[in-house]
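For reference, upload_8.csv is printed below; it contains CSV, C-alpha atoms.
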```csv
chain,number,residue,atom,x,y,z
A,955,MET,CA,39.0,72.9,137.9
A,956,LYS,CA,40.1,72.1,141.3
A,957,GLU,CA,43.2,74.1,142.2
A,958,SER,CA,46.0,72.4,144.1
A,959,LEU,CA,49.6,72.5,144.8
A,960,ILE,CA,50.5,70.0,142.1
A,961,VAL,CA,47.9,70.5,139.4
A,962,PRO,CA,48.4,74.1,138.1
A,963,PRO,CA,45.6,76.5,138.9
A,964,ALA,CA,43.6,78.3,136.2
A,965,ILE,CA,46.0,80.7,134.6
A,966,LYS,CA,44.5,83.5,132.6
A,967,ASP,CA,45.9,85.8,130.0
A,968,MET,CA,46.2,89.4,130.9
A,969,THR,CA,44.6,91.9,128.6
A,970,GLU,CA,46.8,94.4,126.7
A,971,ARG,CA,45.6,97.2,129.1
A,972,GLU,CA,46.4,95.1,132.1
A,973,ILE,CA,49.9,94.4,130.7
A,974,ASP,CA,50.4,98.2,130.0
A,975,GLN,CA,49.4,99.1,133.6
A,976,PHE,CA,51.5,96.4,135.1
A,977,LEU,CA,54.6,97.3,133.1
A,978,THR,CA,54.1,101.0,134.1
A,979,CYS,CA,53.8,100.3,137.8
A,980,ALA,CA,56.3,97.6,138.5
A,981,ARG,CA,59.6,98.6,140.1
A,982,VAL,CA,62.0,95.8,139.1
A,983,GLY,CA,62.4,93.9,135.8
A,984,ARG,CA,64.8,91.2,134.8
A,985,ILE,CA,66.8,90.9,131.6
A,986,GLY,CA,67.3,87.4,130.3
A,987,MET,CA,70.3,87.1,128.0
A,988,ILE,CA,72.5,84.5,126.5
A,989,PHE,CA,76.1,85.0,127.5
A,990,GLU,CA,78.8,82.5,126.4
A,991,GLY,CA,76.1,80.1,125.5
A,992,LYS,CA,74.4,80.1,128.8
A,993,PRO,CA,71.2,81.8,130.1
A,994,HIS,CA,71.7,84.8,132.5
A,995,ILE,CA,69.3,86.9,134.4
A,996,VAL,CA,70.1,90.4,135.7
A,997,PRO,CA,67.6,92.6,137.6
A,998,VAL,CA,67.1,96.2,136.6
A,999,GLY,CA,65.1,99.3,137.4
A,1000,TYR,CA,63.4,100.3,134.2
A,1001,GLY,CA,61.0,102.6,132.4
A,1002,TYR,CA,58.2,101.7,130.0
A,1003,PHE,CA,57.2,104.3,127.4
A,1004,GLU,CA,55.5,104.0,124.0
A,1005,ARG,CA,55.6,100.2,124.3
A,1006,LYS,CA,59.3,100.1,124.8
A,1007,ILE,CA,61.3,99.0,127.8
A,1008,PHE,CA,64.4,101.0,128.7
A,1009,PHE,CA,67.0,100.9,131.5
A,1010,HIS,CA,70.4,102.5,132.2
A,1011,THR,CA,73.6,100.6,132.7
A,1012,CYS,CA,77.4,101.0,132.7
A,1013,ALA,CA,79.1,101.3,129.4
A,1014,GLU,CA,81.1,98.2,130.2
A,1015,GLY,CA,80.2,94.9,131.9
A,1016,MET,CA,78.5,91.6,131.3
A,1017,LYS,CA,75.1,93.1,130.3
A,1018,MET,CA,76.6,95.3,127.6
A,1019,GLU,CA,79.0,92.6,126.3
A,1020,SER,CA,76.1,90.1,126.2
A,1021,ILE,CA,73.7,92.5,124.4
A,1022,ARG,CA,76.3,93.6,121.9
A,1023,SER,CA,77.1,90.0,120.9
A,1024,ASN,CA,73.4,88.9,121.0
A,1025,PRO,CA,70.7,91.6,121.1
A,1026,SER,CA,67.9,89.0,121.5
A,1027,VAL,CA,66.8,89.4,125.1
A,1028,CYS,CA,63.9,88.6,127.4
A,1029,PHE,CA,62.5,91.1,129.7
A,1030,GLN,CA,60.3,89.9,132.6
A,1031,VAL,CA,58.3,91.4,135.4
A,1032,ASP,CA,56.4,89.5,138.1
A,1033,GLU,CA,54.6,90.2,141.3
A,1034,SER,CA,52.7,88.1,143.8
A,1035,ILE,CA,51.5,88.1,147.3
A,1036,SER,CA,53.1,85.7,149.7
A,1037,ASP,CA,50.2,83.2,149.9
A,1038,ALA,CA,50.3,83.0,146.0
A,1039,SER,CA,46.6,83.8,145.7
A,1040,LEU,CA,47.5,86.6,143.3
A,1041,ALA,CA,50.4,86.4,140.9
A,1042,LYS,CA,51.2,88.1,137.6
A,1043,SER,CA,54.0,87.8,135.2
A,1044,VAL,CA,54.7,89.6,132.0
A,1045,VAL,CA,57.4,88.2,129.6
A,1046,ILE,CA,58.7,90.2,126.6
A,1047,LEU,CA,60.9,88.8,123.9
A,1048,GLY,CA,62.6,91.5,121.9
A,1049,LYS,CA,65.6,93.2,120.5
A,1050,ALA,CA,67.9,95.4,122.6
A,1051,GLU,CA,69.5,98.5,121.2
A,1052,ILE,CA,72.2,100.5,123.1
A,1053,LEU,CA,72.2,104.4,123.0
A,1054,ARG,CA,75.3,106.3,123.9
A,1055,ASP,CA,74.6,109.8,122.5
A,1056,LYS,CA,73.9,112.3,125.2
A,1057,GLU,CA,70.9,113.9,123.5
A,1058,ALA,CA,69.4,110.5,122.7
A,1059,MET,CA,69.9,109.3,126.3
A,1060,LEU,CA,68.6,112.4,128.2
A,1061,PRO,CA,64.8,111.8,127.8
A,1062,TYR,CA,65.2,108.3,129.1
A,1063,LEU,CA,67.4,109.4,132.0
A,1064,GLN,CA,64.8,112.0,132.9
A,1065,LYS,CA,62.1,109.3,133.0
A,1066,LEU,CA,64.2,107.2,135.3
A,1067,ILE,CA,64.8,110.2,137.6
A,1068,ASP,CA,61.0,110.8,137.6
A,1069,LYS,CA,60.3,107.1,138.5
A,1070,TYR,CA,63.1,106.3,140.9
A,1071,ARG,CA,64.5,109.5,142.3
A,1072,VAL,CA,62.9,112.9,142.8
A,1073,SER,CA,60.8,115.5,141.0
A,1074,ALA,CA,63.6,117.4,139.3
A,1075,SER,CA,64.9,118.1,135.9
A,1076,PHE,CA,68.0,116.2,134.8
A,1077,ALA,CA,70.1,119.4,135.1
A,1078,GLN,CA,68.7,120.1,138.6
A,1079,TYR,CA,69.2,116.5,139.7
A,1080,MET,CA,72.8,116.5,138.6
A,1081,THR,CA,73.6,119.8,140.3
A,1082,GLY,CA,75.2,119.7,143.7
A,1083,GLY,CA,78.1,117.8,145.2
A,1084,ASN,CA,81.2,117.6,143.1
A,1085,ARG,CA,79.6,115.8,140.2
A,1086,ASN,CA,81.4,115.4,136.9
A,1087,VAL,CA,78.3,115.3,134.7
A,1088,LYS,CA,80.3,114.9,131.5
A,1089,ALA,CA,82.3,111.9,132.9
A,1090,GLU,CA,79.1,110.3,134.3
A,1091,LEU,CA,77.3,110.6,131.0
A,1092,GLU,CA,80.3,109.0,129.2
A,1093,ALA,CA,80.2,106.1,131.6
A,1094,VAL,CA,76.5,105.4,131.1
A,1095,ARG,CA,74.4,103.8,128.4
A,1096,ILE,CA,70.7,103.5,127.8
A,1097,CYS,CA,69.4,100.2,126.6
A,1098,VAL,CA,66.0,100.2,124.7
A,1099,ILE,CA,64.1,97.0,124.2
A,1100,THR,CA,61.7,96.8,121.3
A,1101,PRO,CA,59.2,94.0,122.0
A,1102,GLU,CA,58.6,91.4,119.4
A,1103,ARG,CA,56.3,89.3,121.6
A,1104,ILE,CA,54.6,90.2,124.9
A,1105,THR,CA,52.7,87.7,127.0
A,1106,GLY,CA,51.0,88.4,130.4
A,1107,LYS,CA,49.7,85.7,132.7
A,1108,LYS,CA,47.8,85.9,136.0
A,1109,ILE,CA,46.7,83.5,138.6
A,1110,ILE,CA,43.9,84.6,140.9
A,1111,ARG,CA,42.8,82.1,143.5
A,1112,THR,CA,39.6,83.5,145.0
A,1113,ASN,CA,38.0,80.5,146.4
A,1114,GLY,CA,40.4,80.0,149.3
A,1115,ASN,CA,40.8,76.4,148.2
A,1116,PHE,CA,44.4,76.1,147.1
W,43,MET,CA,82.5,107.0,145.7
W,44,LYS,CA,79.7,109.4,145.1
W,45,GLU,CA,76.5,107.4,144.3
W,46,SER,CA,74.2,108.7,141.6
W,47,LEU,CA,71.6,107.7,139.2
W,48,ILE,CA,74.0,107.2,136.4
W,49,VAL,CA,77.3,106.1,138.0
W,50,PRO,CA,76.6,102.7,139.6
W,51,PRO,CA,76.6,102.7,143.4
W,52,ALA,CA,79.0,100.6,145.4
W,53,ILE,CA,77.9,97.0,144.9
W,54,LYS,CA,79.1,94.5,147.5
W,55,ASP,CA,79.3,90.7,147.3
W,56,MET,CA,77.0,88.8,149.6
W,57,THR,CA,78.7,86.3,151.9
W,58,GLU,CA,77.9,82.6,151.5
W,59,ARG,CA,75.8,82.8,154.7
W,60,GLU,CA,73.8,85.8,153.4
W,61,ILE,CA,73.2,84.0,150.2
W,62,ASP,CA,71.9,80.9,152.0
W,63,GLN,CA,69.6,83.0,154.2
W,64,PHE,CA,68.3,85.0,151.2
W,65,LEU,CA,67.6,81.8,149.2
W,66,THR,CA,65.8,80.3,152.1
W,67,CYS,CA,63.6,83.3,152.7
W,68,ALA,CA,62.7,84.6,149.3
W,69,ARG,CA,59.3,83.6,147.8
W,70,VAL,CA,59.7,83.8,144.1
W,71,GLY,CA,62.6,82.8,141.9
W,72,ARG,CA,63.0,83.0,138.1
W,73,ILE,CA,64.3,80.4,135.8
W,74,GLY,CA,66.3,81.6,132.8
W,75,MET,CA,66.4,79.1,130.0
W,76,ILE,CA,67.4,79.0,126.3
W,77,PHE,CA,64.4,77.9,124.2
W,78,GLU,CA,64.6,77.8,120.4
W,79,GLY,CA,67.8,79.8,120.6
W,80,LYS,CA,66.3,82.7,122.6
W,81,PRO,CA,66.5,83.6,126.3
W,82,HIS,CA,63.3,83.0,128.3
W,83,ILE,CA,62.4,83.8,132.0
W,84,VAL,CA,59.7,82.0,134.0
W,85,PRO,CA,58.9,82.8,137.6
W,86,VAL,CA,58.5,79.9,140.1
W,87,GLY,CA,57.8,79.3,143.7
W,88,TYR,CA,60.7,77.2,144.8
W,89,GLY,CA,62.5,75.5,147.7
W,90,TYR,CA,66.2,75.5,148.7
W,91,PHE,CA,67.7,72.5,150.5
W,92,GLU,CA,71.2,71.2,150.8
W,93,ARG,CA,72.4,73.8,148.4
W,94,LYS,CA,70.0,72.8,145.7
W,95,ILE,CA,67.0,74.7,144.2
W,96,PHE,CA,63.9,72.8,143.4
W,97,PHE,CA,60.4,73.6,142.1
W,98,HIS,CA,57.4,71.7,140.8
W,99,THR,CA,56.0,72.0,137.4
W,100,CYS,CA,53.7,70.4,134.8
W,101,ALA,CA,55.0,67.4,133.1
W,102,GLU,CA,54.5,69.1,129.8
W,103,GLY,CA,55.0,72.7,128.6
W,104,MET,CA,57.7,75.1,127.6
W,105,LYS,CA,59.7,74.9,130.8
W,106,MET,CA,60.0,71.1,130.6
W,107,GLU,CA,60.7,71.1,126.8
W,108,SER,CA,63.4,73.7,127.3
W,109,ILE,CA,65.1,72.0,130.2
W,110,ARG,CA,65.0,68.6,128.4
W,111,SER,CA,66.7,70.0,125.4
W,112,ASN,CA,69.1,72.2,127.3
W,113,PRO,CA,69.5,71.6,131.1
W,114,SER,CA,71.9,74.6,131.5
W,115,VAL,CA,69.7,77.1,133.4
W,116,CYS,CA,70.0,80.2,135.4
W,117,PHE,CA,68.1,80.7,138.7
W,118,GLN,CA,67.7,84.2,140.1
W,119,VAL,CA,66.1,85.8,143.1
W,120,ASP,CA,66.1,89.5,143.9
W,121,GLU,CA,64.4,91.8,146.3
W,122,SER,CA,64.6,95.5,146.9
W,123,ILE,CA,62.6,98.3,148.5
W,124,SER,CA,60.9,100.8,146.3
W,125,ASP,CA,63.4,103.7,146.8
W,126,ALA,CA,66.2,101.3,145.8
W,127,SER,CA,68.2,102.0,149.0
W,128,LEU,CA,68.5,98.3,149.6
W,129,ALA,CA,68.6,95.7,146.8
W,130,LYS,CA,69.9,92.1,146.7
W,131,SER,CA,70.2,89.7,143.8
W,132,VAL,CA,71.4,86.1,143.8
W,133,VAL,CA,72.2,84.4,140.5
W,134,ILE,CA,72.8,80.7,140.1
W,135,LEU,CA,74.1,79.0,137.0
W,136,GLY,CA,73.5,75.3,137.1
W,137,LYS,CA,72.2,72.1,135.7
W,138,ALA,CA,68.5,71.1,135.9
W,139,GLU,CA,67.4,67.5,136.5
W,140,ILE,CA,63.8,66.4,136.2
W,141,LEU,CA,62.3,63.9,138.7
W,142,ARG,CA,59.1,62.0,137.9
W,143,ASP,CA,59.2,59.1,140.3
W,144,LYS,CA,56.7,59.5,143.1
W,145,GLU,CA,59.0,58.4,145.9
W,146,ALA,CA,61.7,60.8,144.7
W,147,MET,CA,59.3,63.7,144.4
W,148,LEU,CA,57.5,63.3,147.7
W,149,PRO,CA,60.1,64.9,150.0
W,150,TYR,CA,60.3,67.9,147.7
W,151,LEU,CA,56.5,68.3,147.4
W,152,GLN,CA,56.4,68.1,151.2
W,153,LYS,CA,58.9,71.0,151.5
W,154,LEU,CA,56.8,73.1,149.0
W,155,ILE,CA,53.7,72.4,151.1
W,156,ASP,CA,55.6,73.5,154.2
W,157,LYS,CA,56.7,76.7,152.5
W,158,TYR,CA,53.7,77.7,150.5
W,159,ARG,CA,50.6,76.0,151.9
W,160,VAL,CA,49.8,74.7,155.4
W,161,SER,CA,51.3,72.7,158.2
W,162,ALA,CA,50.3,69.3,157.0
W,163,SER,CA,51.8,66.1,155.7
W,164,PHE,CA,51.5,65.5,152.0
W,165,ALA,CA,48.9,62.7,152.7
W,166,GLN,CA,46.8,65.0,154.9
W,167,TYR,CA,47.1,67.9,152.4
W,168,MET,CA,45.9,65.8,149.5
W,169,THR,CA,42.9,64.4,151.5
W,170,GLY,CA,39.6,66.1,151.0
W,171,GLY,CA,37.7,67.3,148.0
W,172,ASN,CA,37.5,64.8,145.2
W,173,ARG,CA,41.2,64.7,144.5
W,174,ASN,CA,42.7,62.1,142.3
W,175,VAL,CA,46.1,61.9,143.9
W,176,LYS,CA,47.4,59.4,141.5
W,177,ALA,CA,46.5,61.5,138.4
W,178,GLU,CA,47.9,64.7,140.0
W,179,LEU,CA,51.2,63.0,140.8
W,180,GLU,CA,51.4,61.7,137.2
W,181,ALA,CA,50.9,65.3,135.9
W,182,VAL,CA,53.6,66.8,138.0
W,183,ARG,CA,57.4,66.9,137.9
W,184,ILE,CA,60.0,68.1,140.3
W,185,CYS,CA,62.9,70.0,138.8
W,186,VAL,CA,66.2,70.1,140.9
W,187,ILE,CA,68.9,72.6,140.0
W,188,THR,CA,72.4,71.8,141.1
W,189,PRO,CA,74.4,75.0,141.2
W,190,GLU,CA,77.7,75.3,139.4
W,191,ARG,CA,78.2,79.0,140.2
W,192,ILE,CA,76.4,81.2,142.8
W,193,THR,CA,76.9,84.9,143.0
W,194,GLY,CA,75.1,87.3,145.4
W,195,LYS,CA,75.3,91.1,145.1
W,196,LYS,CA,73.8,93.8,147.3
W,197,ILE,CA,73.5,97.5,147.2
W,198,ILE,CA,73.0,99.4,150.4
W,199,ARG,CA,72.7,103.1,150.1
W,200,THR,CA,72.8,104.4,153.7
W,201,ASN,CA,73.9,108.0,153.2
W,202,GLY,CA,70.6,109.3,151.8
W,203,ASN,CA,72.6,110.7,148.9
W,204,PHE,CA,71.5,108.8,145.8
```
What do you get writing this file as structure tokens?
Amino acid sequence: MKESLIVPPAIKDMTEREIDQFLTCARVGRIGMIFEGKPHIVPVGYGYFERKIFFHTCAEGMKMESIRSNPSVCFQVDESISDASLAKSVVILGKAEILRDKEAMLPYLQKLIDKYRVSASFAQYMTGGNRNVKAELEAVRICVITPERITGKKIIRTNGNF
Amino acid sequence: MKESLIVPPAIKDMTEREIDQFLTCARVGRIGMIFEGKPHIVPVGYGYFERKIFFHTCAEGMKMESIRSNPSVCFQVDESISDASLAKSVVILGKAEILRDKEAMLPYLQKLIDKYRVSASFAQYMTGGNRNVKAELEAVRICVITPERITGKKIIRTNGNF
């Protein structure tokens, strides 16, 4: 098929392994939610472990309110280079669950520290400054998304003929 | 406020001018829609002109079906660097309208060629190969989103103390 601006290029499905790798490596995901009857998108740093997506968030706010009232969410990650000759997008439909118990949250917080901060244990990371660890833990929640459907698409234009 | 992994860092509102510049420069946006009662996200290349967002799409498919049945959409753009010391996100809630008339679509297609392809007029761009311009134009639609609410947030961590 001739690729063009206005006729869509050949889009291929990503394999399960490609999707796993992409979800492991990407830095920013987006949560799609329904809030007050309208679609909303919020970007998050996230982790991917045992086929689940997780992120941390404030205990209060639009994200939490939305998820509490409707746990059906979309999680999406995409990446592309600026000439659009390579583009990937993974879309997950799933159910979101909110964790607030400290012991339940700690393994997830550790994984987020590993991915986005420094090589340190949670206890080491939280040491220093005048941190109130107890208050910080009370103000945070972990949201875990269990996928019900995962699709991954990629566009690779290798012929230089857009 | 002390910034940390688990207490959210200071988040600032972007000015109208910052939002305009960000929407003009960013390469990929995401459309949030409600389809069959669930939130969906689809990435798109897009243009921004006279405070409207537009993108091109196939005449048929989930995006079109979803927008036809519920034109309330979310459009979102974000960008960040990998250590998360700078992150921006703009979220638009608005109404989507679908254009199918050739004369109405041409100015938008031209802007997308200008942004994503080469410096050429639509007529020049479509010349060459064995292109069936008429058939391509019949297969494409332009979707224009008129914003009802625009919010822009940014996080700037300048103190090295995450």
| said: Give me, as JSON, numbers by chain, the residues of chain W touching chain A, with the criterion being at most 8 Å (counting all atoms listed in the file). | reply: {"W": [47, 48, 49, 50, 69, 74, 75, 76, 80, 81, 82, 83, 84, 85, 98, 99, 100, 114, 115, 116, 117, 118, 120, 124, 125, 126, 131, 133, 135, 155, 158, 159, 178, 179, 181, 182, 204]}
After a least-squares superposition on chain A over all sequentially paired C-alpha atoms, what is chain W as a compact mmCIF listing (two decimals) with C-alpha atoms, keeping the file's coordinate frame?
```
# COMPACT_ATOMS: atom_id res chain seq x y z
CA MET W 43 38.97 72.88 137.89
CA LYS W 44 40.06 72.01 141.36
CA GLU W 45 43.22 74.04 142.21
CA SER W 46 45.98 72.33 144.14
CA LEU W 47 49.59 72.43 144.85
CA ILE W 48 50.47 70.01 142.17
CA VAL W 49 47.86 70.49 139.40
CA PRO W 50 48.41 74.02 138.05
CA PRO W 51 45.64 76.49 138.89
CA ALA W 52 43.65 78.23 136.21
CA ILE W 53 46.03 80.69 134.56
CA LYS W 54 44.43 83.54 132.64
CA ASP W 55 45.93 85.82 129.98
CA MET W 56 46.29 89.45 130.92
CA THR W 57 44.63 91.92 128.56
CA GLU W 58 46.81 94.39 126.65
CA ARG W 59 45.59 97.15 129.01
CA GLU W 60 46.50 95.12 132.13
CA ILE W 61 49.87 94.45 130.70
CA ASP W 62 50.49 98.15 130.02
CA GLN W 63 49.38 99.10 133.55
CA PHE W 64 51.52 96.35 135.13
CA LEU W 65 54.61 97.41 133.13
CA THR W 66 54.10 100.98 134.10
CA CYS W 67 53.74 100.26 137.78
CA ALA W 68 56.22 97.55 138.53
CA ARG W 69 59.63 98.55 140.03
CA VAL W 70 62.02 95.86 139.06
CA GLY W 71 62.37 93.96 135.82
CA ARG W 72 64.83 91.21 134.82
CA ILE W 73 66.78 90.91 131.68
CA GLY W 74 67.37 87.40 130.35
CA MET W 75 70.32 87.17 128.04
CA ILE W 76 72.49 84.45 126.44
CA PHE W 77 76.14 84.97 127.45
CA GLU W 78 78.83 82.49 126.40
CA GLY W 79 76.10 80.07 125.42
CA LYS W 80 74.37 80.05 128.83
CA PRO W 81 71.21 81.79 130.08
CA HIS W 82 71.80 84.72 132.46
CA ILE W 83 69.30 86.95 134.44
CA VAL W 84 70.07 90.48 135.68
CA PRO W 85 67.59 92.60 137.57
CA VAL W 86 67.12 96.28 136.52
CA GLY W 87 65.13 99.28 137.43
CA TYR W 88 63.50 100.24 134.20
CA GLY W 89 61.03 102.54 132.42
CA TYR W 90 58.21 101.75 129.94
CA PHE W 91 57.22 104.30 127.29
CA GLU W 92 55.52 103.99 123.97
CA ARG W 93 55.58 100.26 124.26
CA LYS W 94 59.30 100.09 124.76
CA ILE W 95 61.35 99.04 127.85
CA PHE W 96 64.42 100.97 128.70
CA PHE W 97 67.03 100.96 131.48
CA HIS W 98 70.41 102.52 132.15
CA THR W 99 73.56 100.66 132.62
CA CYS W 100 77.38 100.91 132.68
CA ALA W 101 79.04 101.26 129.41
CA GLU W 102 81.07 98.20 130.16
CA GLY W 103 80.26 94.87 131.87
CA MET W 104 78.53 91.61 131.25
CA LYS W 105 75.15 93.04 130.36
CA MET W 106 76.60 95.28 127.63
CA GLU W 107 78.97 92.54 126.29
CA SER W 108 76.07 90.11 126.12
CA ILE W 109 73.66 92.45 124.42
CA ARG W 110 76.35 93.54 121.89
CA SER W 111 77.03 90.02 120.90
CA ASN W 112 73.43 88.88 121.00
CA PRO W 113 70.67 91.59 121.15
CA SER W 114 67.86 88.95 121.44
CA VAL W 115 66.75 89.41 125.08
CA CYS W 116 63.92 88.56 127.32
CA PHE W 117 62.40 91.12 129.75
CA GLN W 118 60.25 89.90 132.62
CA VAL W 119 58.35 91.42 135.48
CA ASP W 120 56.33 89.52 138.06
CA GLU W 121 54.66 90.24 141.32
CA SER W 122 52.67 88.13 143.71
CA ILE W 123 51.55 88.11 147.33
CA SER W 124 53.14 85.71 149.71
CA ASP W 125 50.24 83.17 149.89
CA ALA W 126 50.32 83.00 146.07
CA SER W 127 46.59 83.85 145.77
CA LEU W 128 47.42 86.54 143.28
CA ALA W 129 50.41 86.38 140.90
CA LYS W 130 51.14 88.16 137.60
CA SER W 131 54.01 87.73 135.18
CA VAL W 132 54.73 89.62 131.97
CA VAL W 133 57.34 88.28 129.56
CA ILE W 134 58.73 90.20 126.63
CA LEU W 135 60.91 88.80 123.90
CA GLY W 136 62.61 91.51 121.96
CA LYS W 137 65.60 93.20 120.52
CA ALA W 138 67.94 95.42 122.61
CA GLU W 139 69.52 98.59 121.20
CA ILE W 140 72.20 100.51 123.04
CA LEU W 141 72.20 104.35 123.05
CA ARG W 142 75.32 106.32 123.97
CA ASP W 143 74.64 109.73 122.54
CA LYS W 144 73.86 112.26 125.23
CA GLU W 145 70.95 113.91 123.46
CA ALA W 146 69.37 110.51 122.79
CA MET W 147 69.82 109.35 126.35
CA LEU W 148 68.59 112.45 128.13
CA PRO W 149 64.82 111.89 127.78
CA TYR W 150 65.22 108.36 129.08
CA LEU W 151 67.43 109.38 132.04
CA GLN W 152 64.80 112.02 132.81
CA LYS W 153 62.04 109.35 132.94
CA LEU W 154 64.24 107.16 135.29
CA ILE W 155 64.73 110.19 137.55
CA ASP W 156 60.97 110.75 137.56
CA LYS W 157 60.35 107.12 138.47
CA TYR W 158 63.11 106.34 140.86
CA ARG W 159 64.51 109.56 142.32
CA VAL W 160 62.91 112.99 142.83
CA SER W 161 60.80 115.54 141.05
CA ALA W 162 63.56 117.37 139.30
CA SER W 163 64.90 118.03 135.85
CA PHE W 164 68.00 116.14 134.87
CA ALA W 165 70.04 119.43 135.09
CA GLN W 166 68.74 120.17 138.60
CA TYR W 167 69.26 116.54 139.72
CA MET W 168 72.87 116.49 138.59
CA THR W 169 73.65 119.87 140.30
CA GLY W 170 75.22 119.72 143.70
CA GLY W 171 78.01 117.72 145.20
CA ASN W 172 81.13 117.61 143.11
CA ARG W 173 79.59 115.79 140.20
CA ASN W 174 81.35 115.48 136.94
CA VAL W 175 78.34 115.33 134.68
CA LYS W 176 80.32 114.90 131.59
CA ALA W 177 82.28 111.86 132.93
CA GLU W 178 79.08 110.26 134.34
CA LEU W 179 77.29 110.61 131.01
CA GLU W 180 80.30 109.05 129.23
CA ALA W 181 80.14 106.04 131.65
CA VAL W 182 76.50 105.38 131.12
CA ARG W 183 74.38 103.77 128.39
CA ILE W 184 70.70 103.54 127.81
CA CYS W 185 69.42 100.20 126.60
CA VAL W 186 65.99 100.22 124.72
CA ILE W 187 64.14 96.95 124.19
CA THR W 188 61.68 96.83 121.36
CA PRO W 189 59.23 94.02 122.01
CA GLU W 190 58.56 91.38 119.40
CA ARG W 191 56.26 89.28 121.62
CA ILE W 192 54.53 90.23 124.93
CA THR W 193 52.67 87.75 127.01
CA GLY W 194 51.01 88.44 130.41
CA LYS W 195 49.64 85.68 132.67
CA LYS W 196 47.84 85.93 135.99
CA ILE W 197 46.65 83.56 138.60
CA ILE W 198 43.86 84.59 140.90
CA ARG W 199 42.82 82.09 143.45
CA THR W 200 39.63 83.54 145.01
CA ASN W 201 37.98 80.44 146.44
CA GLY W 202 40.36 79.96 149.38
CA ASN W 203 40.80 76.39 148.20
CA PHE W 204 44.41 76.04 147.09
```
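Among the candidates W:Asp55, W:Thr200, W:Ile192, W:Lys176, the residue lying nearest to Asp143 (chain W) is W:Lys176 (atoms considered: only C-alpha atoms).
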| By how many Å are CA of Ile140 (chain W) and CA of Ile95 (chain W) apart? | 12.0 Å
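Between Ala138 (chain W) and the residues W:Glu102, W:Glu190, W:Asp156, W:Glu78, the shortest atom-to-atom distance, using all atoms listed in the file, involves W:Glu190.
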| query | How far is it from CA of Lys195 (chain W) to CA of Lys54 (chain W), in Å with one decimal? | reply |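 According to the coordinates, CA of Lys195 (chain W) and CA of Lys54 (chain W) are separated by 5.6 Å.
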| query | Mind pulling up the distance from CA of Gln1078 (chain A) to CA of Glu1057 (chain A)? | reply |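 Those two atoms sit 16.5 Å apart.
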| Nearest candidate to Arg1111 (chain A) (options A:Leu1040, A:Glu972, A:Ala1074, A:Ile1099; using only C-alpha atoms) |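 Checking each of A:Leu1040, A:Glu972, A:Ala1074, A:Ile1099 against Arg1111 (chain A), counting only C-alpha atoms, the winner is A:Leu1040.
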